[in-house]
file entry-v2.txt (compact mmCIF, C-alpha atoms)
# COMPACT_ATOMS: atom_id res chain seq x y z
CA MET A 1316 -164.20 -4.04 -29.29
CA SER A 1317 -163.94 -7.83 -29.22
CA ARG A 1318 -162.31 -7.72 -32.69
CA LEU A 1319 -159.71 -5.27 -31.42
CA CYS A 1320 -158.94 -7.57 -28.47
CA ALA A 1321 -158.62 -10.63 -30.73
CA LEU A 1322 -156.13 -8.99 -33.10
CA PRO A 1323 -153.08 -9.27 -30.82
CA SER A 1324 -153.95 -12.92 -30.21
CA PHE A 1325 -154.03 -13.64 -33.96
CA VAL A 1326 -150.71 -11.87 -34.46
CA ALA A 1327 -149.11 -13.81 -31.60
CA LEU A 1328 -150.52 -17.10 -32.95
CA ALA A 1329 -149.26 -16.33 -36.44
CA LEU A 1330 -145.78 -15.60 -35.11
CA VAL A 1331 -145.65 -18.78 -33.02
CA VAL A 1332 -146.86 -20.98 -35.87
CA SER A 1333 -144.43 -19.49 -38.37
CA ALA A 1334 -141.41 -19.81 -36.06
CA PRO A 1335 -140.87 -23.59 -36.54
CA ALA A 1336 -141.22 -23.19 -40.31
CA PHE A 1337 -138.62 -20.44 -40.23
CA ALA A 1338 -136.30 -22.70 -38.23
CA GLN A 1339 -136.75 -25.49 -40.79
CA THR A 1340 -135.89 -23.23 -43.70
CA GLN A 1341 -132.78 -22.16 -41.79
CA GLU A 1342 -131.73 -25.81 -41.57
CA LEU A 1343 -132.56 -26.56 -45.18
CA GLU A 1344 -130.76 -23.54 -46.55
CA ASN A 1345 -127.66 -24.04 -44.44
CA PRO A 1346 -126.31 -27.53 -45.11
CA GLY A 1347 -122.79 -26.42 -44.10
CA VAL A 1348 -123.51 -26.89 -40.40
CA THR A 1349 -122.79 -30.62 -40.71
CA ALA A 1350 -119.06 -31.23 -40.42
CA ALA A 1351 -117.90 -34.28 -42.36
CA VAL A 1352 -114.62 -35.57 -40.92
CA GLN A 1353 -112.73 -37.71 -43.43
CA ASP A 1354 -110.77 -40.81 -42.48
CA ARG A 1355 -107.04 -40.31 -41.95
CA PRO A 1356 -104.85 -41.43 -44.84
CA TYR A 1357 -101.79 -41.58 -42.58
CA ARG A 1358 -101.71 -43.44 -39.29
CA LEU A 1359 -98.83 -43.96 -36.89
CA LEU A 1360 -97.80 -46.94 -34.77
CA HIS A 1361 -94.04 -47.29 -34.29
CA GLU A 1362 -92.11 -44.06 -34.81
CA LEU A 1363 -88.36 -43.63 -34.85
CA ASP A 1364 -87.12 -40.03 -34.67
CA LEU A 1365 -83.81 -38.44 -35.58
CA TRP A 1366 -83.68 -34.92 -34.14
CA PHE A 1367 -81.63 -31.79 -34.47
CA GLY A 1368 -82.31 -29.04 -31.96
CA VAL A 1369 -81.26 -25.87 -30.19
CA LEU A 1370 -81.46 -24.62 -26.59
CA PRO A 1371 -81.99 -20.88 -27.15
CA LEU A 1372 -82.95 -19.64 -23.71
CA ASP A 1373 -79.62 -19.15 -21.94
CA ALA A 1374 -78.17 -15.73 -22.74
CA PHE A 1375 -74.59 -16.97 -22.35
CA TYR A 1376 -74.71 -19.79 -24.88
CA THR A 1377 -76.90 -21.53 -27.45
CA GLY A 1378 -76.95 -25.28 -27.10
CA ILE A 1379 -76.97 -27.34 -30.28
CA TYR A 1380 -77.86 -30.99 -29.92
CA ALA A 1381 -78.69 -34.22 -31.71
CA GLN A 1382 -81.37 -36.53 -30.35
CA VAL A 1383 -82.86 -39.95 -31.08
CA GLY A 1384 -86.23 -41.15 -29.86
CA TYR A 1385 -88.87 -43.82 -30.15
CA VAL A 1386 -92.65 -43.28 -29.93
CA TYR A 1387 -95.42 -45.85 -29.66
CA HIS A 1388 -98.84 -44.61 -30.81
CA PHE A 1389 -101.72 -46.33 -28.98
CA THR A 1390 -104.50 -44.62 -30.99
CA ASP A 1391 -104.89 -41.71 -33.39
CA ARG A 1392 -104.93 -39.36 -30.42
CA PHE A 1393 -102.65 -40.78 -27.75
CA ALA A 1394 -99.05 -41.91 -27.84
CA TRP A 1395 -96.12 -42.47 -25.54
CA GLN A 1396 -92.72 -41.09 -26.44
CA VAL A 1397 -91.08 -44.03 -24.75
CA GLY A 1398 -87.58 -42.66 -24.73
CA ARG A 1399 -85.43 -39.89 -26.10
CA GLY A 1400 -81.80 -39.05 -25.55
CA ALA A 1401 -79.82 -36.02 -26.66
CA TYR A 1402 -76.23 -34.86 -26.56
CA GLY A 1403 -75.42 -31.19 -26.95
CA LEU A 1404 -72.62 -28.76 -27.66
CA ALA A 1405 -72.51 -25.16 -26.46
CA ALA A 1406 -72.00 -22.25 -28.83
CA ARG A 1407 -71.02 -19.32 -26.61
CA SER A 1408 -72.80 -16.03 -27.21
CA SER A 1409 -71.16 -12.60 -27.30
CA LEU A 1410 -72.65 -11.70 -23.92
CA ARG A 1411 -69.59 -12.85 -21.95
CA GLY A 1412 -67.29 -10.62 -23.99
CA GLU A 1413 -69.81 -7.79 -23.80
CA LEU A 1414 -69.92 -7.98 -20.01
CA GLU A 1415 -66.11 -7.89 -19.85
CA ARG A 1416 -65.80 -5.09 -22.40
CA ASN A 1417 -68.70 -2.82 -21.43
CA PHE A 1418 -69.05 -3.37 -17.71
CA GLY A 1419 -65.68 -4.75 -16.61
CA VAL A 1420 -67.36 -7.86 -15.20
CA GLN A 1421 -65.77 -11.33 -15.35
CA PRO A 1422 -68.62 -13.91 -15.35
CA THR A 1423 -68.16 -17.15 -13.44
CA ALA A 1424 -68.29 -20.49 -15.23
CA ASN A 1425 -71.75 -20.92 -16.72
CA ASP A 1426 -73.79 -24.08 -16.10
CA GLU A 1427 -74.38 -25.63 -19.51
CA VAL A 1428 -76.52 -28.57 -20.60
CA GLN A 1429 -74.33 -31.49 -21.61
CA PHE A 1430 -76.89 -34.22 -22.33
CA PHE A 1431 -80.41 -35.20 -21.37
CA VAL A 1432 -82.81 -38.16 -21.53
CA GLY A 1433 -86.56 -38.24 -21.04
CA SER A 1434 -89.99 -39.58 -21.80
CA ASP A 1435 -93.35 -37.97 -22.65
CA VAL A 1436 -97.02 -38.58 -23.08
CA MET A 1437 -98.36 -37.27 -26.42
CA TRP A 1438 -101.88 -36.04 -27.10
CA LYS A 1439 -102.75 -35.41 -30.74
CA PRO A 1440 -106.06 -33.56 -30.90
CA PHE A 1441 -105.62 -31.92 -34.32
CA TYR A 1442 -105.28 -33.71 -37.64
CA GLY A 1443 -105.82 -31.93 -40.92
CA LYS A 1444 -104.85 -31.11 -44.43
CA LEU A 1445 -103.56 -27.93 -45.97
CA ALA A 1446 -103.83 -26.65 -49.51
CA VAL A 1447 -100.49 -25.35 -50.79
CA MET A 1448 -101.26 -22.40 -53.11
CA ASN A 1449 -104.50 -24.22 -54.03
CA ARG A 1450 -102.46 -26.71 -56.06
CA ALA A 1451 -101.33 -29.52 -53.78
CA VAL A 1452 -102.55 -31.01 -50.52
CA ILE A 1453 -100.37 -31.91 -47.55
CA HIS A 1454 -101.47 -33.70 -44.40
CA GLY A 1455 -100.35 -32.90 -40.89
CA GLU A 1456 -101.20 -32.93 -37.23
CA ILE A 1457 -100.61 -30.92 -34.05
CA HIS A 1458 -99.71 -32.55 -30.74
CA LEU A 1459 -99.13 -31.61 -27.12
CA LEU A 1460 -96.45 -33.13 -24.89
CA ALA A 1461 -95.94 -33.58 -21.17
CA GLY A 1462 -93.22 -35.58 -19.50
CA ALA A 1463 -90.03 -35.71 -17.51
CA THR A 1464 -86.38 -35.18 -18.38
CA LEU A 1465 -83.11 -35.86 -16.61
CA PHE A 1466 -80.45 -33.25 -17.46
CA ARG A 1467 -76.70 -33.47 -17.03
CA PHE A 1468 -75.19 -30.01 -16.48
CA THR A 1469 -71.50 -29.23 -16.69
CA ASN A 1470 -71.34 -27.73 -13.15
CA SER A 1471 -74.33 -28.94 -11.15
CA GLY A 1472 -74.42 -32.51 -12.49
CA PHE A 1473 -77.66 -34.47 -12.85
CA ARG A 1474 -80.91 -32.59 -12.27
CA PRO A 1475 -84.49 -33.72 -13.02
CA GLY A 1476 -86.98 -31.62 -14.91
CA ILE A 1477 -90.66 -31.52 -15.79
CA ASN A 1478 -91.51 -30.58 -19.34
CA ILE A 1479 -94.56 -29.41 -21.28
CA GLY A 1480 -94.67 -28.51 -24.91
CA GLY A 1481 -96.18 -29.07 -28.28
CA GLY A 1482 -95.44 -29.39 -31.92
CA GLY A 1483 -96.56 -30.25 -35.39
CA ARG A 1484 -95.99 -32.89 -38.02
CA ILE A 1485 -96.13 -32.80 -41.81
CA PHE A 1486 -96.51 -36.16 -43.55
CA VAL A 1487 -94.37 -36.85 -46.60
CA ASN A 1488 -95.84 -40.33 -47.15
CA LYS A 1489 -96.87 -43.41 -45.16
CA TYR A 1490 -93.40 -43.94 -43.74
CA VAL A 1491 -91.80 -40.51 -43.50
CA SER A 1492 -92.84 -37.31 -41.78
CA PHE A 1493 -91.18 -34.15 -40.48
CA ARG A 1494 -91.82 -33.03 -36.92
CA LEU A 1495 -91.18 -29.70 -35.16
CA ASP A 1496 -91.43 -29.59 -31.37
CA ILE A 1497 -91.01 -26.82 -28.79
CA THR A 1498 -90.70 -27.94 -25.18
CA HIS A 1499 -90.22 -26.00 -21.99
CA ASN A 1500 -88.40 -27.83 -19.21
CA VAL A 1501 -88.63 -26.65 -15.62
CA VAL A 1502 -85.46 -27.99 -13.97
CA LEU A 1503 -85.99 -28.77 -10.30
CA PRO A 1504 -83.66 -27.35 -7.60
CA THR A 1505 -82.10 -30.64 -6.65
CA GLY A 1506 -78.58 -31.88 -7.22
CA GLY A 1507 -75.30 -30.04 -7.43
CA GLY A 1508 -76.09 -27.78 -4.50
CA THR A 1509 -78.53 -25.70 -6.54
CA THR A 1510 -81.36 -23.92 -4.76
CA SER A 1511 -83.28 -22.37 -7.64
CA PHE A 1512 -85.43 -23.60 -10.48
CA GLY A 1513 -83.98 -23.58 -13.96
CA ASN A 1514 -85.61 -23.16 -17.35
CA VAL A 1515 -84.47 -24.97 -20.48
CA LEU A 1516 -86.36 -24.39 -23.74
CA THR A 1517 -85.82 -26.85 -26.57
CA VAL A 1518 -86.68 -26.22 -30.22
CA ASN A 1519 -86.10 -29.23 -32.41
CA LEU A 1520 -86.80 -30.61 -35.85
CA ALA A 1521 -87.01 -34.31 -36.62
CA LEU A 1522 -87.10 -36.75 -39.44
CA ALA A 1523 -89.66 -39.32 -38.28
CA LEU A 1524 -89.81 -42.84 -39.69
CA ASN A 1525 -93.14 -44.59 -39.16
CA PHE A 1526 -93.73 -48.32 -39.26
CA GLY A 1527 -96.90 -50.36 -39.01
CA GLY A 1528 -99.55 -47.64 -38.80
CA ASN A 1529 -101.06 -47.89 -42.27
CA ASP A 1530 -100.59 -51.65 -42.74
CA MET B 1475 -94.37 -64.66 -91.81
CA HIS B 1476 -93.59 -66.20 -88.43
CA ARG B 1477 -91.69 -63.05 -87.54
CA ALA B 1478 -94.70 -60.87 -88.44
CA ILE B 1479 -97.04 -63.00 -86.32
CA LEU B 1480 -94.61 -62.78 -83.43
CA ILE B 1481 -94.43 -58.96 -83.71
CA VAL B 1482 -98.23 -58.68 -83.82
CA CYS B 1483 -98.52 -60.97 -80.79
CA LEU B 1484 -96.11 -58.75 -78.86
CA LEU B 1485 -97.63 -55.43 -79.94
CA VAL B 1486 -101.31 -56.17 -79.31
CA PRO B 1487 -100.96 -56.76 -75.56
CA VAL B 1488 -98.90 -53.58 -75.28
CA PHE B 1489 -101.72 -51.49 -76.72
CA ALA B 1490 -104.25 -53.24 -74.49
CA TRP B 1491 -102.02 -52.60 -71.46
CA GLY B 1492 -101.69 -48.97 -72.44
CA GLN B 1493 -105.46 -48.58 -72.68
CA SER B 1494 -106.01 -50.17 -69.31
CA GLU B 1495 -103.50 -47.71 -67.85
CA LEU B 1496 -105.59 -44.85 -69.20
CA LEU B 1497 -108.85 -46.34 -68.01
CA GLU B 1498 -107.54 -47.13 -64.56
CA ALA B 1499 -105.95 -43.79 -63.76
CA PRO B 1500 -104.66 -43.85 -60.19
CA PRO B 1501 -107.18 -41.97 -58.07
CA SER B 1502 -104.49 -40.73 -55.71
CA SER B 1503 -103.08 -38.44 -58.42
CA VAL B 1504 -106.25 -36.31 -58.41
CA ASN B 1505 -106.45 -33.70 -55.66
CA ALA B 1506 -109.88 -32.21 -55.05
CA LEU B 1507 -109.44 -28.79 -53.45
CA GLN B 1508 -112.47 -27.32 -51.77
CA ASP B 1509 -113.21 -23.63 -51.97
CA ARG B 1510 -112.09 -21.59 -48.95
CA ALA B 1511 -114.74 -21.23 -46.30
CA TYR B 1512 -113.21 -18.00 -44.98
CA ARG B 1513 -111.71 -15.17 -46.97
CA LEU B 1514 -110.04 -12.02 -45.73
CA GLN B 1515 -110.10 -8.45 -46.99
CA ASN B 1516 -109.99 -5.71 -44.34
CA GLU B 1517 -108.42 -6.98 -41.14
CA PHE B 1518 -107.95 -5.16 -37.84
CA THR B 1519 -105.72 -6.80 -35.24
CA VAL B 1520 -105.28 -6.27 -31.52
CA MET B 1521 -102.30 -8.20 -30.19
CA VAL B 1522 -100.15 -8.61 -27.12
CA GLY B 1523 -96.55 -9.70 -27.42
CA PHE B 1524 -93.24 -10.51 -25.84
CA LEU B 1525 -89.70 -9.42 -26.70
CA PRO B 1526 -87.54 -12.24 -25.29
CA SER B 1527 -84.14 -11.80 -26.94
CA ASP B 1528 -82.48 -9.02 -24.87
CA PRO B 1529 -80.50 -10.58 -21.99
CA TYR B 1530 -80.87 -7.42 -19.85
CA THR B 1531 -84.51 -6.47 -20.47
CA LYS B 1532 -87.58 -8.44 -21.47
CA GLY B 1533 -90.32 -6.47 -23.16
CA LEU B 1534 -94.08 -6.78 -23.12
CA PHE B 1535 -95.98 -4.91 -25.80
CA ALA B 1536 -99.46 -4.14 -27.08
CA GLN B 1537 -99.90 -3.80 -30.82
CA GLY B 1538 -102.64 -2.62 -33.13
CA GLY B 1539 -102.66 -3.15 -36.86
CA TYR B 1540 -104.56 -3.06 -40.10
CA ALA B 1541 -104.10 -5.42 -43.04
CA PHE B 1542 -105.56 -5.31 -46.51
CA HIS B 1543 -105.69 -8.63 -48.35
CA PHE B 1544 -105.54 -8.32 -52.14
CA ASN B 1545 -106.41 -11.98 -52.74
CA ASP B 1546 -106.14 -15.36 -51.00
CA TYR B 1547 -102.33 -15.24 -51.07
CA PHE B 1548 -101.08 -11.67 -50.74
CA GLY B 1549 -101.74 -8.76 -48.41
CA ILE B 1550 -100.08 -5.78 -46.75
CA GLN B 1551 -100.25 -4.66 -43.16
CA ALA B 1552 -99.37 -1.62 -41.04
CA ARG B 1553 -98.82 -1.93 -37.30
CA GLY B 1554 -97.75 0.02 -34.27
CA ALA B 1555 -96.71 -1.24 -30.83
CA TYR B 1556 -95.85 0.22 -27.45
CA ALA B 1557 -93.61 -1.75 -25.09
CA VAL B 1558 -92.91 -1.82 -21.39
CA SER B 1559 -89.68 -3.38 -20.15
CA LEU B 1560 -88.94 -5.74 -17.31
CA PRO B 1561 -85.33 -5.95 -16.06
CA THR B 1562 -83.80 -9.42 -15.92
CA SER B 1563 -81.89 -10.86 -12.97
CA LEU B 1564 -78.65 -10.28 -14.89
CA ARG B 1565 -79.36 -6.54 -15.16
CA ASN B 1566 -80.41 -6.38 -11.50
CA GLN B 1567 -77.18 -8.13 -10.52
CA LEU B 1568 -75.08 -5.76 -12.62
CA GLU B 1569 -76.78 -2.71 -11.12
CA ARG B 1570 -76.66 -4.05 -7.56
CA ASP B 1571 -73.28 -5.80 -7.35
CA PHE B 1572 -71.24 -3.99 -9.98
CA THR B 1573 -72.73 -0.48 -9.72
CA VAL B 1574 -73.59 -0.33 -13.41
CA LEU B 1575 -75.88 2.63 -14.06
CA PRO B 1576 -79.43 1.93 -15.33
CA THR B 1577 -78.75 4.27 -18.26
CA ALA B 1578 -76.26 1.75 -19.61
CA PHE B 1579 -79.11 -0.43 -20.81
CA SER B 1580 -81.08 0.45 -23.91
CA ARG B 1581 -84.65 -0.82 -24.21
CA VAL B 1582 -87.40 -0.81 -26.81
CA LEU B 1583 -89.97 1.95 -26.26
CA PHE B 1584 -92.21 1.58 -29.32
CA PHE B 1585 -92.05 0.42 -32.91
CA VAL B 1586 -94.12 0.94 -36.06
CA GLY B 1587 -93.85 -0.79 -39.40
CA GLY B 1588 -95.36 -2.41 -42.44
CA ASP B 1589 -95.17 -5.90 -43.95
CA LEU B 1590 -96.03 -7.91 -46.99
CA ILE B 1591 -98.09 -10.98 -46.10
CA PHE B 1592 -97.78 -14.17 -48.13
CA ARG B 1593 -100.28 -16.90 -47.24
CA PRO B 1594 -99.39 -20.08 -49.13
CA LEU B 1595 -101.09 -22.62 -46.84
CA TYR B 1596 -104.79 -22.82 -46.06
CA GLY B 1597 -106.39 -25.86 -44.49
CA LYS B 1598 -108.73 -27.46 -42.05
CA LEU B 1599 -108.05 -29.55 -38.99
CA SER B 1600 -110.25 -32.05 -37.22
CA VAL B 1601 -110.32 -31.54 -33.47
CA GLY B 1602 -110.56 -34.90 -31.75
CA ASN B 1603 -112.36 -36.22 -34.87
CA ARG B 1604 -115.45 -34.24 -33.76
CA PHE B 1605 -115.13 -30.66 -35.02
CA VAL B 1606 -113.47 -28.99 -37.96
CA VAL B 1607 -111.50 -25.77 -37.62
CA HIS B 1608 -110.09 -23.76 -40.50
CA GLY B 1609 -106.72 -22.04 -40.47
CA GLU B 1610 -103.84 -20.79 -42.52
CA VAL B 1611 -100.09 -20.25 -42.32
CA HIS B 1612 -98.48 -17.01 -43.47
CA LEU B 1613 -95.04 -15.49 -43.99
CA LEU B 1614 -94.15 -11.87 -43.30
CA GLY B 1615 -91.46 -9.55 -44.64
CA GLY B 1616 -91.19 -5.81 -44.16
CA GLY B 1617 -89.63 -2.88 -42.37
CA SER B 1618 -89.98 -1.12 -39.03
CA GLY B 1619 -88.82 1.92 -37.15
CA PHE B 1620 -87.74 1.20 -33.58
CA ALA B 1621 -87.59 3.75 -30.79
CA PHE B 1622 -85.08 2.84 -28.10
CA THR B 1623 -84.36 4.65 -24.88
CA ASP B 1624 -81.82 4.31 -22.12
CA GLY B 1625 -84.00 6.33 -19.79
CA LEU B 1626 -82.46 9.65 -20.87
CA THR B 1627 -81.88 9.74 -24.60
CA PRO B 1628 -84.28 8.25 -27.17
CA SER B 1629 -83.06 7.02 -30.53
CA ILE B 1630 -84.84 5.87 -33.68
CA ARG B 1631 -83.39 2.98 -35.66
CA PRO B 1632 -84.64 1.25 -38.84
CA ALA B 1633 -85.21 -2.48 -38.99
CA ILE B 1634 -85.82 -5.25 -41.52
CA ASP B 1635 -88.47 -7.79 -40.50
CA ILE B 1636 -88.86 -11.44 -41.43
CA GLY B 1637 -91.19 -13.88 -39.81
CA GLY B 1638 -94.27 -15.98 -40.01
CA GLY B 1639 -97.30 -17.14 -38.19
CA GLY B 1640 -100.63 -18.88 -38.22
CA ARG B 1641 -104.31 -18.12 -37.95
CA LEU B 1642 -107.31 -20.07 -36.69
CA PHE B 1643 -110.71 -18.85 -37.89
CA LEU B 1644 -113.41 -18.45 -35.25
CA GLY B 1645 -115.99 -17.33 -37.81
CA LYS B 1646 -116.39 -15.13 -40.87
CA ASN B 1647 -115.44 -12.02 -38.95
CA ALA B 1648 -113.03 -13.16 -36.25
CA SER B 1649 -109.84 -15.18 -36.08
CA LEU B 1650 -106.95 -15.79 -33.68
CA ARG B 1651 -103.48 -15.02 -34.94
CA LEU B 1652 -100.00 -15.96 -33.68
CA ASP B 1653 -96.91 -14.31 -35.21
CA LEU B 1654 -93.18 -14.74 -34.66
CA VAL B 1655 -91.06 -12.01 -36.27
CA ASN B 1656 -87.34 -11.29 -36.11
CA HIS B 1657 -86.56 -7.58 -36.44
CA ILE B 1658 -83.01 -6.99 -37.66
CA VAL B 1659 -82.41 -3.52 -36.22
CA LEU B 1660 -79.81 -1.58 -38.15
CA ALA B 1661 -77.48 1.03 -36.71
CA ALA B 1662 -78.80 4.57 -36.40
CA PRO B 1663 -77.22 6.98 -38.89
CA GLY B 1664 -73.90 8.19 -37.49
CA SER B 1665 -74.06 5.77 -34.58
CA MET B 1666 -71.38 3.34 -33.40
CA THR B 1667 -73.92 0.67 -32.45
CA GLY B 1668 -74.05 -2.48 -34.55
CA ILE B 1669 -76.89 -4.65 -35.77
CA THR B 1670 -79.28 -5.85 -33.07
CA ASN B 1671 -81.86 -8.62 -33.32
CA VAL B 1672 -85.23 -8.05 -31.65
CA LEU B 1673 -87.42 -11.12 -31.67
CA ALA B 1674 -91.16 -10.48 -31.24
CA LEU B 1675 -93.69 -13.16 -30.37
CA ASN B 1676 -97.27 -11.91 -30.44
CA PHE B 1677 -100.76 -13.30 -30.19
CA GLY B 1678 -104.08 -11.62 -30.74
CA LEU B 1679 -107.54 -11.27 -32.11
CA ALA B 1680 -108.16 -10.31 -35.72
CA VAL B 1681 -111.46 -8.87 -36.89
CA ASN B 1682 -112.16 -9.28 -40.60
CA PHE B 1683 -114.56 -7.33 -42.79
CA GLY B 1684 -115.54 -7.79 -46.39
CA GLY B 1685 -113.74 -11.00 -47.33
CA THR B 1686 -116.29 -13.79 -47.09
CA GLU B 1687 -119.35 -11.61 -47.69
call {"tool": "encode", "arguments": {"input": "entry-v2.txt", "output": "structure tokens"}}
result
Amino acid sequence: MSRLCALPSFVALALVVSAPAFAQTQELENPGVTAAVQDRPYRLLHELDLWFGVLPLDAFYTGIYAQVGYVYHFTDRFAWQVGRGAYGLAARSSLRGELERNFGVQPTANDEVQFFVGSDVMWKPFYGKLAVMNRAVIHGEIHLLAGATLFRFTNSGFRPGINIGGGGRIFVNKYVSFRLDITHNVVLPTGGGTTSFGNVLTVNLALALNFGGND
Amino acid sequence: MHRAILIVCLLVPVFAWGQSELLEAPPSSVNALQDRAYRLQNEFTVMVGFLPSDPYTKGLFAQGGYAFHFNDYFGIQARGAYAVSLPTSLRNQLERDFTVLPTAFSRVLFFVGGDLIFRPLYGKLSVGNRFVVHGEVHLLGGGSGFAFTDGLTPSIRPAIDIGGGGRLFLGKNASLRLDLVNHIVLAAPGSMTGITNVLALNFGLAVNFGGTE
């Protein structure tokens, strides 16, 4: 009887004793749990950007613009896009003609973005490298943006906006990289007698020239 | 004799220089590519998406799909989506102020299709220099059938699809996927309508079986 009572105790003891050993073998047989993060081969400090972009959101026109900007990178993760300025042209869509043709409606003059200037804070949490067809390696990073923009519209004049967005960068070498950003601007209902919020989406591609980061 | 000595003096350092070039091969020219940590084979996707390009109607859709990956670079997928439409302020204004009938506006009802998947880029990213995440970039090309309706009459139109996207791996069996595809919708046979572009932006969860095992 006493032997029968002791058996569950032995089994429980055997299980408890073997558990740490099992955990150790798990650690020994699974060395991949340690993530080795390599040092960055490309670092940024002073960045000069030459942009080309589009404003695709307005159904009546697509804005096409050129932009220049300067970014100062404090660390590998944080930077300040000190200033950027863009001037745009409007390519009218077929919607105006469609409204006239299909519905007999004559639209009023549309409010179009003429130019805009702004500044942003950049956070760069992702840095990595990609294998291209398992033959070459390219380096890049992903960043998030938040800032403010002052727009000049053709009808309502100057209006401020708050913008959030993000983008990516592919490094060509120490001095040259390509950058793609998408930013959403919420234009505030001030100026020009406007009473509603506006939305301006920007999609832009840049040639970025970097100085001082890797020196 | 002097000429021969001069030639020997010039040639010997050239050979030595050539050997040192071989011995000191620039290390930057060698790329060490690690094996992929995650591989795909049978992939089921559940996605939600947005159709932003119609000025009169914005669409929200749910999509399910299956992809078979032949190797690390190529795969095929089949997908089907059902969409609900939201009228824009322009459409509301036309209906309210200009008495345009709601049946004047065609909207996407559902669409099904298939694509070739080309995945040339695979990589890993450090997150805040603390964690490593794996991901890949892919391109898509294929065809779709689109069902449109104006509220009364449905119509089916073929489309050509081109697009791309990215994937972040959560583990061996799960990943997050973001796709952006432009559907070039052709005219229905015998119809007077022209080519229409339907842009689809979708995001979802992919469940993978068989690849990394």
call {"tool": "closest_residue", "arguments": {"input": "entry-v2.txt", "among": "A:Phe1466, A:Phe1473, A:Phe1375, A:Tyr1380", "to": "A:Glu1413", "atoms": "all atoms listed in the file"}}
result
A:Phe1375
call {"tool": "residues_around", "arguments": {"input": "entry-v2.txt", "residues": "A:His1499", "least_positions_apart": "4", "cutoff": "6 Å", "atoms": "only C-alpha atoms", "output": "list in words"}}
result
Asn1478, Ile1479, Gly1480 and Leu1516 of chain A
call {"tool": "closest_residue", "arguments": {"input": "entry-v2.txt", "among": "A:Val1452, A:Ile1477, A:Ile1379, A:Leu1522", "to": "A:Arg1494", "atoms": "only C-alpha atoms"}}
result
A:Leu1522
call {"tool": "closest_atom_pairs", "arguments": {"input": "entry-v2.txt", "of": "chain B", "to": "chain A", "cutoff": "7 Å", "atoms": "all atoms listed in the file", "output": "tab-separated table"}}
result
residue	atom	partner	partner_atom	distance
B:Asn1505	CA	A:Ala1451	CA	6.9
B:Leu1507	CA	A:Asn1449	CA	6.8
B:Pro1529	CA	A:Ala1374	CA	5.7
B:Val1574	CA	A:Phe1418	CA	7.0
B:Pro1594	CA	A:Met1448	CA	5.0
B:Leu1595	CA	A:Val1447	CA	4.8
B:Tyr1596	CA	A:Ala1446	CA	5.2
B:Gly1597	CA	A:Leu1445	CA	3.8
B:Lys1598	CA	A:Gly1443	CA	5.5
B:Leu1599	CA	A:Gly1443	CA	3.8
B:Ser1600	CA	A:Tyr1442	CA	5.3
B:Val1601	CA	A:Phe1441	CA	4.8
B:Gly1602	CA	A:Pro1440	CA	4.8
B:Asn1603	CA	A:Val1352	CA	6.5
B:Phe1605	CA	A:Ala1350	CA	6.7
B:Val1606	CA	A:Ala1350	CA	6.5
call {"tool": "axis_aligned_box", "arguments": {"input": "entry-v2.txt", "around": "stretch 1522-1526 of chain A", "padding_each_side": "8 Å", "output": "AutoDock Vina command-line options"}}
result
--center_x -90.4 --center_y -42.5 --center_z -39.0 --size_x 22.6 --size_y 27.6 --size_z 17.4
call {"tool": "residues_around", "arguments": {"input": "entry-v2.txt", "residues": "stretch 1509-1526 of chain B", "least_positions_apart": "2", "cutoff": "9 Å", "atoms": "only C-alpha atoms", "output": "JSON, numbers by chain"}}
result
{"A": [1372, 1449], "B": [1507, 1528, 1529, 1531, 1532, 1533, 1534, 1535, 1536, 1537, 1538, 1539, 1540, 1541, 1542, 1543, 1544, 1545, 1546, 1549, 1551, 1553, 1555, 1557, 1559, 1582, 1596, 1597, 1608, 1609, 1643, 1645, 1646, 1647, 1651, 1652, 1672, 1673, 1674, 1675, 1676, 1677, 1678, 1679, 1680, 1681, 1682, 1683, 1684, 1685, 1686, 1687]}
call {"tool": "atom_distance", "arguments": {"input": "entry-v2.txt", "atom1": "atom CA of A:Ala1463", "atom2": "atom CA of A:Ser1492"}}
result
24.5 Å
call {"tool": "closest_residue", "arguments": {"input": "entry-v2.txt", "among": "A:Ala1394, A:Leu1459, A:Ala1523, A:Gly1378", "to": "A:Leu1360", "atoms": "all atoms listed in the file"}}
result
A:Ala1394
call {"tool": "atom_distance", "arguments": {"input": "entry-v2.txt", "atom1": "atom CA of A:Leu1404", "atom2": "atom CA of B:Ser1527"}}
result
20.5 Å
call {"tool": "residues_around", "arguments": {"input": "entry-v2.txt", "residues": "A:Val1518", "least_positions_apart": "3", "cutoff": "6 Å", "atoms": "only C-alpha atoms", "output": "number ranges by chain"}}
result
A: 1368-1369, 1496-1497
call {"tool": "residues_around", "arguments": {"input": "entry-v2.txt", "residues": "B:Arg1565", "least_positions_apart": "6", "cutoff": "10 Å", "atoms": "all atoms listed in the file", "output": "list in words"}}
result
Pro1529, Tyr1530, Thr1531, Asp1571, Phe1572, Val1574, Leu1575, Pro1576, Ala1578 and Phe1579 of chain B
call {"tool": "residues_around", "arguments": {"input": "entry-v2.txt", "residues": "B:Thr1623", "least_positions_apart": "5", "cutoff": "7 Å", "atoms": "all atoms listed in the file", "output": "MDAnalysis selection string"}}
result
chainID B and resid 1580:1583 1628:1629
call {"tool": "atom_distance", "arguments": {"input": "entry-v2.txt", "atom1": "atom CA of A:Asn1488", "atom2": "atom CA of B:Leu1613"}}
result
25.1 Å
